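I have placed the structure first, in the form of structure tokens, so that the comments after it can refer back to it.
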Amino acid sequence: MALEYHVISTLVEDKPGVLQKVAGLFTRRGFNIDSITVGESEVEGLSRMVISVHADKKGLEQVTKQLNKLVDVIKIKDITKNAVKRELCLIKVHIPDEKARSEIMQYTHIFRAKIVDVSEETLMIELTGDVEKINAFVSLLKGYGVKKISRTGLTAMARGV
């Protein structure tokens with residue numbers, strides 16, 4: 001079966017070990033989690049977990065059923081098709097000369113990113129957007145010499161009510 005990209009939003013109890021239980025279900029099915037983000041939700045005592053994974057439909061259905069059986073899991077929703085998806089990326093790029101600095105600053109403006117740290121030899125840039133936007137920006141900067149990249153992983157929220 002072909003693996004498809006899925007984004008799963010899960011509301012869970014904010015307790016130690018819940019992340020490990022949820023991730024373990026995907027691991028036992030042989031699915032590699034692309035990213036997983038966890039943070040406070042709108043309900044006190046509950047956290048929202050956003051998981052992006054490549055999985056076949058049947059396997060994902062089985063994982064979802066098993067997740068629903070966990071006491072700590074309150075709600076699960078596949079938001080792959082109708083969601084706003086974002087990621088945060090910090091990129092430290094080498095500045096070989098003033099021409100490069102100017103070009104990188106122009107790219108930063110075009111991509112609506114922010115320069116958050118400046119030194120004589122590097123710029124640190126903060127960019128928020130979908131995965132494709134971040135990948136395109138990183139690709140542009142590779143020719144200058146990317147020193148470090150730190151990405152948060154995907155977070156998402158279903159559109160509408």
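Within each chain, counting starts at residue 1; across the structure tokens, chains are named A, B, ... in the order shown, with ligands numbered 1 upward in that order.
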Could you list, with a cut-off of 10 Å and counting only C-alpha atoms, the residues of segment 62-150 of chain A near segment 44-47 of chain A, each shown with its nearest atom pair and the distance in Å rounded to one decimal, rows sorted by chain and ascending number, as JSON lines?
{"residue": "A:Asp72", "atom": "CA", "partner": "A:Leu46", "partner_atom": "CA", "distance": 9.4}
{"residue": "A:Val73", "atom": "CA", "partner": "A:Leu46", "partner_atom": "CA", "distance": 9.4}
{"residue": "A:Ile74", "atom": "CA", "partner": "A:Leu46", "partner_atom": "CA", "distance": 8.6}
Go ahead and save the residues from that selection, with C-alpha atoms, as a PDB file, in the first residue's frame.
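Here's the written file out.pdb:
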ATOM      1  CA  ASP A  72      -5.233   9.741  28.356  1.00  0.00           C
ATOM      2  CA  VAL A  73      -6.459  10.496  24.804  1.00  0.00           C
ATOM      3  CA  ILE A  74      -9.570  12.678  24.730  1.00  0.00           C
TER       4      ILE A  74
END
| request: Compile the contact shell of Thr128 of chain A as an MDAnalysis selection string: residues with an atom at most 7 Å away, counting only C-alpha atoms, same-chain residues fewer than 6 positions apart removed. | output: chainID A and resid 86:89
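Here atom CA of Ile36 of chain A and atom CA of Val22 of chain A stand 10.3 Å from one another.
The spacing separating atom CA of Val161 of chain A from atom CA of Leu67 of chain A amounts to 24.0 Å.
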| request: Find the spatial neighbours of segment 60-64 of chain A, counting only C-alpha atoms, within a cut-off of 12 Å - ignore same-chain residues fewer than 3 positions away - and output them as a PyMOL selection string. | output: chain A and resi 1-10+21-33+51-57+67-70+73-78
| message | Considering only strand (DSSP E) as DSSP defines it on the backbone, what residues of chain A qualify? List them as an NGL selection string. | response | :A and (4-13 or 33-40 or 46-55 or 73-78 or 83-94 or 114-118 or 122-129 or 146-151 or 155-158)
Can those selected residues be exported to a file as a PDB file, in the first residue's frame so that it contains C-alpha atoms?
ATOM      1  CA  GLU A   4       0.083   9.058   2.312  1.00  0.00           C
ATOM      2  CA  TYR A   5       0.848  12.228   4.263  1.00  0.00           C
ATOM      3  CA  HIS A   6      -1.441  12.795   7.266  1.00  0.00           C
ATOM      4  CA  VAL A   7      -1.727  15.457   9.953  1.00  0.00           C
ATOM      5  CA  ILE A   8      -3.400  14.244  13.134  1.00  0.00           C
ATOM      6  CA  SER A   9      -4.558  16.601  15.898  1.00  0.00           C
ATOM      7  CA  THR A  10      -4.970  14.903  19.267  1.00  0.00           C
ATOM      8  CA  LEU A  11      -6.248  16.322  22.535  1.00  0.00           C
ATOM      9  CA  VAL A  12      -4.601  14.493  25.447  1.00  0.00           C
ATOM     10  CA  GLU A  13      -4.346  14.731  29.209  1.00  0.00           C
ATOM     11  CA  ILE A  33       6.684  10.256  12.649  1.00  0.00           C
ATOM     12  CA  ASP A  34       7.789  13.222  10.500  1.00  0.00           C
ATOM     13  CA  SER A  35       7.144  15.697  13.310  1.00  0.00           C
ATOM     14  CA  ILE A  36       5.292  15.926  16.565  1.00  0.00           C
ATOM     15  CA  THR A  37       4.527  19.107  18.468  1.00  0.00           C
ATOM     16  CA  VAL A  38       2.877  19.321  21.874  1.00  0.00           C
ATOM     17  CA  GLY A  39       1.668  22.314  23.830  1.00  0.00           C
ATOM     18  CA  GLU A  40      -1.070  23.728  25.998  1.00  0.00           C
ATOM     19  CA  LEU A  46      -5.196  19.118  28.397  1.00  0.00           C
ATOM     20  CA  SER A  47      -2.505  19.407  25.721  1.00  0.00           C
ATOM     21  CA  ARG A  48      -2.811  19.439  21.957  1.00  0.00           C
ATOM     22  CA  MET A  49      -0.519  17.093  20.070  1.00  0.00           C
ATOM     23  CA  VAL A  50      -0.057  17.590  16.305  1.00  0.00           C
ATOM     24  CA  ILE A  51       1.501  14.614  14.547  1.00  0.00           C
ATOM     25  CA  SER A  52       2.567  14.547  10.905  1.00  0.00           C
ATOM     26  CA  VAL A  53       3.228  11.088   9.515  1.00  0.00           C
ATOM     27  CA  HIS A  54       3.401   9.147   6.255  1.00  0.00           C
ATOM     28  CA  ALA A  55       1.141   6.117   6.658  1.00  0.00           C
ATOM     29  CA  VAL A  73      -6.459  10.496  24.804  1.00  0.00           C
ATOM     30  CA  ILE A  74      -9.570  12.678  24.730  1.00  0.00           C
ATOM     31  CA  LYS A  75     -10.095  13.404  21.008  1.00  0.00           C
ATOM     32  CA  ILE A  76      -8.408  12.594  17.675  1.00  0.00           C
ATOM     33  CA  LYS A  77      -8.993  14.308  14.343  1.00  0.00           C
ATOM     34  CA  ASP A  78      -7.311  13.900  10.956  1.00  0.00           C
ATOM     35  CA  ALA A  83      -6.147  22.989   8.172  1.00  0.00           C
ATOM     36  CA  VAL A  84      -3.757  25.884   8.519  1.00  0.00           C
ATOM     37  CA  LYS A  85      -0.264  24.339   8.847  1.00  0.00           C
ATOM     38  CA  ARG A  86       2.806  26.226  10.021  1.00  0.00           C
ATOM     39  CA  GLU A  87       6.361  25.628  11.133  1.00  0.00           C
ATOM     40  CA  LEU A  88       8.995  27.885  12.680  1.00  0.00           C
ATOM     41  CA  CYS A  89      12.585  27.767  11.456  1.00  0.00           C
ATOM     42  CA  LEU A  90      15.748  29.475  12.675  1.00  0.00           C
ATOM     43  CA  ILE A  91      18.592  29.577  10.137  1.00  0.00           C
ATOM     44  CA  LYS A  92      22.128  30.781  10.754  1.00  0.00           C
ATOM     45  CA  VAL A  93      23.789  31.635   7.434  1.00  0.00           C
ATOM     46  CA  HIS A  94      27.368  32.608   6.629  1.00  0.00           C
ATOM     47  CA  LYS A 114      12.965  38.384  10.319  1.00  0.00           C
ATOM     48  CA  ILE A 115      16.635  38.838  11.045  1.00  0.00           C
ATOM     49  CA  VAL A 116      16.934  38.083  14.764  1.00  0.00           C
ATOM     50  CA  ASP A 117      20.723  38.128  15.247  1.00  0.00           C
ATOM     51  CA  VAL A 118      23.601  39.780  13.382  1.00  0.00           C
ATOM     52  CA  THR A 122      26.586  35.445  10.149  1.00  0.00           C
ATOM     53  CA  LEU A 123      22.910  36.348  10.133  1.00  0.00           C
ATOM     54  CA  MET A 124      20.290  34.413  12.074  1.00  0.00           C
ATOM     55  CA  ILE A 125      16.900  34.467  10.388  1.00  0.00           C
ATOM     56  CA  GLU A 126      13.491  33.481  11.758  1.00  0.00           C
ATOM     57  CA  LEU A 127      10.910  32.235   9.269  1.00  0.00           C
ATOM     58  CA  THR A 128       7.373  31.004   9.840  1.00  0.00           C
ATOM     59  CA  GLY A 129       5.302  29.343   7.158  1.00  0.00           C
ATOM     60  CA  VAL A 146      24.087  27.506   6.041  1.00  0.00           C
ATOM     61  CA  LYS A 147      25.776  27.046   9.436  1.00  0.00           C
ATOM     62  CA  LYS A 148      22.798  25.733  11.450  1.00  0.00           C
ATOM     63  CA  ILE A 149      19.099  25.053  11.025  1.00  0.00           C
ATOM     64  CA  SER A 150      16.593  24.474  13.802  1.00  0.00           C
ATOM     65  CA  ARG A 151      12.982  23.641  12.870  1.00  0.00           C
ATOM     66  CA  THR A 155       1.795  22.595  14.068  1.00  0.00           C
ATOM     67  CA  ALA A 156      -1.704  22.881  12.634  1.00  0.00           C
ATOM     68  CA  MET A 157      -5.307  23.765  13.366  1.00  0.00           C
ATOM     69  CA  ALA A 158      -8.467  22.803  11.513  1.00  0.00           C
TER      70      ALA A 158
END
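For the residues A:Glu132, A:Thr152, A:Phe137, A:Arg159, ranking by smallest atom-to-atom distance to Ile104 of chain A using only C-alpha atoms places A:Phe137 first.
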| request: Any chance you could list, as a VMD selection string, the residues in chain A that come up helix (DSSP H, G or I) when DSSP is run on the backbone? | output: chain A and resid 18 to 28 57 to 69 98 to 110 131 to 144
Give me a file of those residues, with N, CA and C atoms, as a compact mmCIF listing (two decimals), in the first residue's frame.
# COMPACT_ATOMS: atom_id res chain seq x y z
N VAL A 18 2.42 10.46 28.42
CA VAL A 18 1.40 10.41 27.37
C VAL A 18 2.04 10.49 25.98
N LEU A 19 3.00 11.38 25.82
CA LEU A 19 3.69 11.51 24.54
C LEU A 19 4.33 10.17 24.15
N GLN A 20 4.97 9.52 25.09
CA GLN A 20 5.62 8.25 24.82
C GLN A 20 4.61 7.18 24.40
N LYS A 21 3.46 7.13 25.07
CA LYS A 21 2.42 6.16 24.72
C LYS A 21 1.92 6.38 23.29
N VAL A 22 1.65 7.63 22.95
CA VAL A 22 1.13 7.95 21.62
C VAL A 22 2.17 7.64 20.55
N ALA A 23 3.40 8.11 20.75
CA ALA A 23 4.45 7.86 19.77
C ALA A 23 4.71 6.36 19.64
N GLY A 24 4.61 5.62 20.73
CA GLY A 24 4.83 4.17 20.71
C GLY A 24 3.86 3.43 19.82
N LEU A 25 2.61 3.91 19.76
CA LEU A 25 1.63 3.27 18.89
C LEU A 25 2.03 3.38 17.41
N PHE A 26 2.55 4.54 17.03
CA PHE A 26 3.01 4.72 15.65
C PHE A 26 4.25 3.86 15.39
N THR A 27 5.14 3.80 16.37
CA THR A 27 6.37 3.02 16.22
C THR A 27 6.06 1.53 16.04
N ARG A 28 5.14 1.01 16.84
CA ARG A 28 4.78 -0.41 16.73
C ARG A 28 4.19 -0.76 15.38
N LYS A 57 -3.51 4.06 4.63
CA LYS A 57 -4.83 4.36 5.20
C LYS A 57 -5.26 3.31 6.24
N LYS A 58 -5.07 2.04 5.91
CA LYS A 58 -5.49 0.96 6.82
C LYS A 58 -4.71 1.01 8.13
N GLY A 59 -3.40 1.18 8.03
CA GLY A 59 -2.56 1.24 9.22
C GLY A 59 -2.91 2.43 10.09
N LEU A 60 -3.18 3.57 9.45
CA LEU A 60 -3.54 4.77 10.21
C LEU A 60 -4.87 4.59 10.94
N GLU A 61 -5.82 3.92 10.28
CA GLU A 61 -7.10 3.63 10.93
C GLU A 61 -6.90 2.78 12.18
N GLN A 62 -6.01 1.78 12.09
CA GLN A 62 -5.73 0.92 13.24
C GLN A 62 -5.07 1.71 14.37
N VAL A 63 -4.11 2.58 14.03
CA VAL A 63 -3.46 3.40 15.05
C VAL A 63 -4.48 4.31 15.72
N THR A 64 -5.36 4.91 14.92
CA THR A 64 -6.40 5.81 15.45
C THR A 64 -7.32 5.06 16.43
N LYS A 65 -7.72 3.85 16.07
CA LYS A 65 -8.56 3.05 16.97
C LYS A 65 -7.84 2.75 18.27
N GLN A 66 -6.55 2.41 18.18
CA GLN A 66 -5.77 2.13 19.38
C GLN A 66 -5.58 3.38 20.23
N LEU A 67 -5.38 4.54 19.56
CA LEU A 67 -5.25 5.81 20.30
C LEU A 67 -6.54 6.11 21.08
N ASN A 68 -7.68 5.86 20.44
CA ASN A 68 -8.97 6.10 21.09
C ASN A 68 -9.16 5.25 22.34
N LYS A 69 -8.49 4.11 22.41
CA LYS A 69 -8.60 3.22 23.57
C LYS A 69 -7.76 3.71 24.76
N GLU A 98 29.71 41.78 1.63
CA GLU A 98 28.59 42.74 1.69
C GLU A 98 27.53 42.46 0.62
N LYS A 99 27.96 42.02 -0.55
CA LYS A 99 27.00 41.69 -1.62
C LYS A 99 26.09 40.56 -1.16
N ALA A 100 26.67 39.53 -0.56
CA ALA A 100 25.88 38.40 -0.05
C ALA A 100 24.93 38.86 1.04
N ARG A 101 25.42 39.72 1.95
CA ARG A 101 24.57 40.24 3.03
C ARG A 101 23.34 40.94 2.45
N SER A 102 23.54 41.76 1.44
CA SER A 102 22.45 42.48 0.80
C SER A 102 21.46 41.51 0.14
N GLU A 103 21.98 40.51 -0.57
CA GLU A 103 21.11 39.53 -1.23
C GLU A 103 20.28 38.75 -0.22
N ILE A 104 20.92 38.31 0.85
CA ILE A 104 20.22 37.53 1.88
C ILE A 104 19.15 38.39 2.55
N MET A 105 19.46 39.65 2.79
CA MET A 105 18.47 40.55 3.38
C MET A 105 17.27 40.74 2.45
N GLN A 106 17.52 40.79 1.13
CA GLN A 106 16.42 40.89 0.17
C GLN A 106 15.56 39.62 0.21
N TYR A 107 16.19 38.45 0.23
CA TYR A 107 15.44 37.19 0.33
C TYR A 107 14.61 37.17 1.61
N THR A 108 15.20 37.65 2.69
CA THR A 108 14.52 37.69 3.98
C THR A 108 13.25 38.54 3.87
N HIS A 109 13.36 39.68 3.22
CA HIS A 109 12.21 40.56 3.03
C HIS A 109 11.14 39.89 2.14
N ILE A 110 11.56 39.29 1.04
CA ILE A 110 10.63 38.65 0.10
C ILE A 110 9.84 37.53 0.80
N VAL A 131 5.63 24.15 5.13
CA VAL A 131 6.86 23.39 4.91
C VAL A 131 7.50 23.76 3.57
N GLU A 132 6.70 23.93 2.54
CA GLU A 132 7.23 24.26 1.21
C GLU A 132 7.94 25.61 1.20
N LYS A 133 7.37 26.59 1.87
CA LYS A 133 7.98 27.92 1.95
C LYS A 133 9.33 27.84 2.66
N ILE A 134 9.37 27.15 3.78
CA ILE A 134 10.62 27.04 4.52
C ILE A 134 11.67 26.28 3.72
N ASN A 135 11.27 25.19 3.08
CA ASN A 135 12.22 24.44 2.25
C ASN A 135 12.78 25.30 1.11
N ALA A 136 11.93 26.11 0.50
CA ALA A 136 12.38 26.99 -0.60
C ALA A 136 13.39 28.02 -0.08
N PHE A 137 13.12 28.60 1.07
CA PHE A 137 14.02 29.60 1.65
C PHE A 137 15.37 28.98 2.01
N VAL A 138 15.34 27.82 2.65
CA VAL A 138 16.57 27.13 3.01
C VAL A 138 17.38 26.80 1.76
N SER A 139 16.71 26.37 0.72
CA SER A 139 17.37 26.03 -0.53
C SER A 139 18.09 27.25 -1.12
N LEU A 140 17.46 28.41 -1.06
CA LEU A 140 18.09 29.65 -1.56
C LEU A 140 19.35 30.00 -0.78
N LEU A 141 19.33 29.74 0.52
CA LEU A 141 20.45 30.14 1.38
C LEU A 141 21.62 29.15 1.36
N LYS A 142 21.39 27.94 0.89
CA LYS A 142 22.45 26.92 0.92
C LYS A 142 23.70 27.35 0.16
N GLY A 143 23.53 28.12 -0.90
CA GLY A 143 24.68 28.58 -1.68
C GLY A 143 25.59 29.53 -0.91
N TYR A 144 25.09 30.14 0.15
CA TYR A 144 25.89 31.07 0.95
C TYR A 144 26.63 30.36 2.08
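You will find atom CA of Ile95 of chain A at 19.4 Å from atom CA of Arg112 of chain A.
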